[in-house]
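Here's the structure we're looking at; comments come further down.
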Amino acid sequence: MTDAASNTRPQRFFVTGTDTDAGKTYCSSAILRGLQLLGYHCSALKPLASGVDHDGNNADAKALAAVTGQSLSAVNPLCFSLPTAPHLAALAQGQTLSLHQLDTLLPQHNSQFELIEGAGGWLLPLNATEYLADWVVRHQWPVALVVGVKLGCLNHSLLTVRELRRAGVPILGYIANILTPDMHYLAETLADLSNRLQLRQLATLPFSPDGADDALCLQLAVALKQQLAASNHSDQ
Ligand SMILES: Nc1ncnc2c1ncn2[C@@H]1O[C@H](COP(=O)(O)OP(=O)(O)O)[C@@H](O)[C@H]1O
Ligand SMILES: [Mg+2]
């Protein structure tokens with residue numbers, strides 16, 4: 001039994017990104033795989049998703065469920081067909097999203113770690129006044145930031161970290177997720193990112209269309225777990 005196995009309250013944490021397509025699902029899958037390799041029982045929640053494949057299911061939900069073994073509806077309780085911002089996709093189906101509604105989606109189960117993947121970037125609108133970020137702030141869940149490494153990522157990551165700090169949520173660190181095989185000045189960009197963000201770098205995930213290998217998943221999970229322990233947070 002692992003050290004967390006006796007604790008039936010899941011340690012929740014939130015994965016945000018510098019933008020949509022930054023690699024939140026890619027990195028979330030790697031984190032979950034790494035935690036599993038460490039022997040932990042993990043679950044994933046993608047509370048809001050928009051856009052479905054030809055089979056009527058959301059690709060993120062399928063990717064996360066493939067790692068955790070949960071049902072698609074358990075991973076992703078709110079899925080809207082239109083491939084646009086979730087609040088607009090919801091409105092197109094006659095629904096309005098709210099913070100209150102999100103709270104009703106939090107599962108009662110006994111996994112040891114629960115990863116919650118955001119949608120889009122940090123300031124994702126829910127309705128005219130509320131943002132997905134408000135939910136994370138309300139619960140004070142620790143946040144891991146996926147930096148989609150490409151031209152423009154310095155600005156996107158600095159803006160996001162500035163807002164995370166302003167909001168006062170615990171920040172676990174960032175994952176430098178390399179989105180293209182041929183980025184110019186990659187080493188310099190990574191070094192600059194590190195200098196400017198002044199956050200723990202949980203891992204650098206190279207461009208690898210087949211997903212991160214087990215060694216990297218493990219490295220990422222170990223770093224994340226260390227940071228979670230340091231943040232010492234147990235919101236339900
Ligand atoms: N490190 C990487 N190497 C190769 N492809 C990646 C990498 N990270 C993300 N991708 C690809 O980029 C696309 C967007 O990633 P995804 O995880 O879906 O982003 P998000 O969840 O932030 O919207 C996907 O097709 C994914 O497979
Ligand atoms: Mg995603």
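Residue names in the structure tokens use chain letters A, B, ... in the order shown, residue numbers from 1 in each chain, and ligand numbers from 1 in the order shown.
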Checklist line | Contacts of Glu130 (chain A) at 12 Å (only C-alpha atoms; same-chain gap of 4+ positions) as a PyMOL selection string | finding: chain A and resi 87+96-102+123-126+134-138
Next item on the list: Enumerate as number ranges by chain the residues within 10 Å of ligand 2, counting only C-alpha atoms and all ligand atoms.
Entry: A: 15-17, 19-29, 46, 49-50, 58-61, 63-64, 117-120
Note to self: What does the structure give for the distance between CA of Leu190 (chain A) and CA of Val169 (chain A), in Å to one decimal?
What the structure shows: 24.0 Å
Item checked: A:Arg12, A:Arg196, A:His54, A:Lys62 ranked by distance to Leu158 (chain A), top pick (using only C-alpha atoms) -> A:Arg196
Please tabulate, as a tab-separated table, the residues of region 88-147 of chain A that come within 12 Å of region 202-216 of chain A, each with its closest pair of atoms and the distance in Å to one decimal, counting only C-alpha atoms and ordering rows by chain, then residue number upward.
residue	atom	partner	partner_atom	distance
A:Val143	CA	A:Leu202	CA	11.8
A:Ala144	CA	A:Leu202	CA	8.6
A:Leu145	CA	A:Leu202	CA	9.4
A:Val146	CA	A:Leu202	CA	9.7
A:Val147	CA	A:Thr204	CA	9.6
Any chance you could export the current selection's C-alpha atoms as a short mmCIF file (atom, residue, chain, number, x, y, z; two decimals), in the first residue's frame?
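Now in out-v1.cif:
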data_model
loop_
_atom_site.label_atom_id
_atom_site.label_comp_id
_atom_site.auth_asym_id
_atom_site.auth_seq_id
_atom_site.Cartn_x
_atom_site.Cartn_y
_atom_site.Cartn_z
CA VAL A 143 -2.71 24.71 -10.03
CA ALA A 144 -0.25 23.23 -12.51
CA LEU A 145 0.33 25.42 -15.55
CA VAL A 146 0.95 23.87 -18.96
CA VAL A 147 3.00 26.24 -21.07
#
Check: Which residues come within 8 Å of Cys42 (chain A), counting only C-alpha atoms, excluding same-chain residues fewer than 4 positions away, as JSON, numbers by chain?
Finding: {"A": [32, 35, 36, 68, 111, 112, 113, 114, 115]}
Next item on the list: Looking only at strand (DSSP E) from DSSP on the backbone, list the matching residues of region 29-199 of chain A as number ranges by chain.
Entry: A: 42-45, 48-50, 78-80, 113-117, 143-149, 171-178
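Of the residues under consideration (A:Val52, A:Tyr131, A:Ala176, A:Ile116), A:Ala176 shows the shortest atom-to-atom contact distance to Leu220 (chain A) when counting only C-alpha atoms.
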Next item on the list: Determine which residues of region 107-195 of chain A DSSP labels as helix (DSSP H, G or I) from the backbone of this structure, then write them out as a ChimeraX atom specification.
Entry: /A:132-139,153-167,186-195
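Nearest residue to ligand 1 among A:Thr129, A:Asn177, A:Gln227, A:Ser157 is A:Asn177, counting only C-alpha atoms and all ligand atoms.
Each of A:Gly51, A:Pro142, A:Gly94, A:Pro107 was compared to ligand 1 using only C-alpha atoms and all ligand atoms, and A:Gly51 turns out to be the nearest.
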Margin query: For Ala74 (chain A), find every residue with an atom within 10 Å (counting only C-alpha atoms), except residues of its own chain fewer than 4 positions away, and show them as a list in words.
Written below: Ser43, Ala44, Leu45, Lys46, Pro47, Ala61, Ala65, Gln70, Leu78, Leu105, Leu106 and Pro107 of chain A
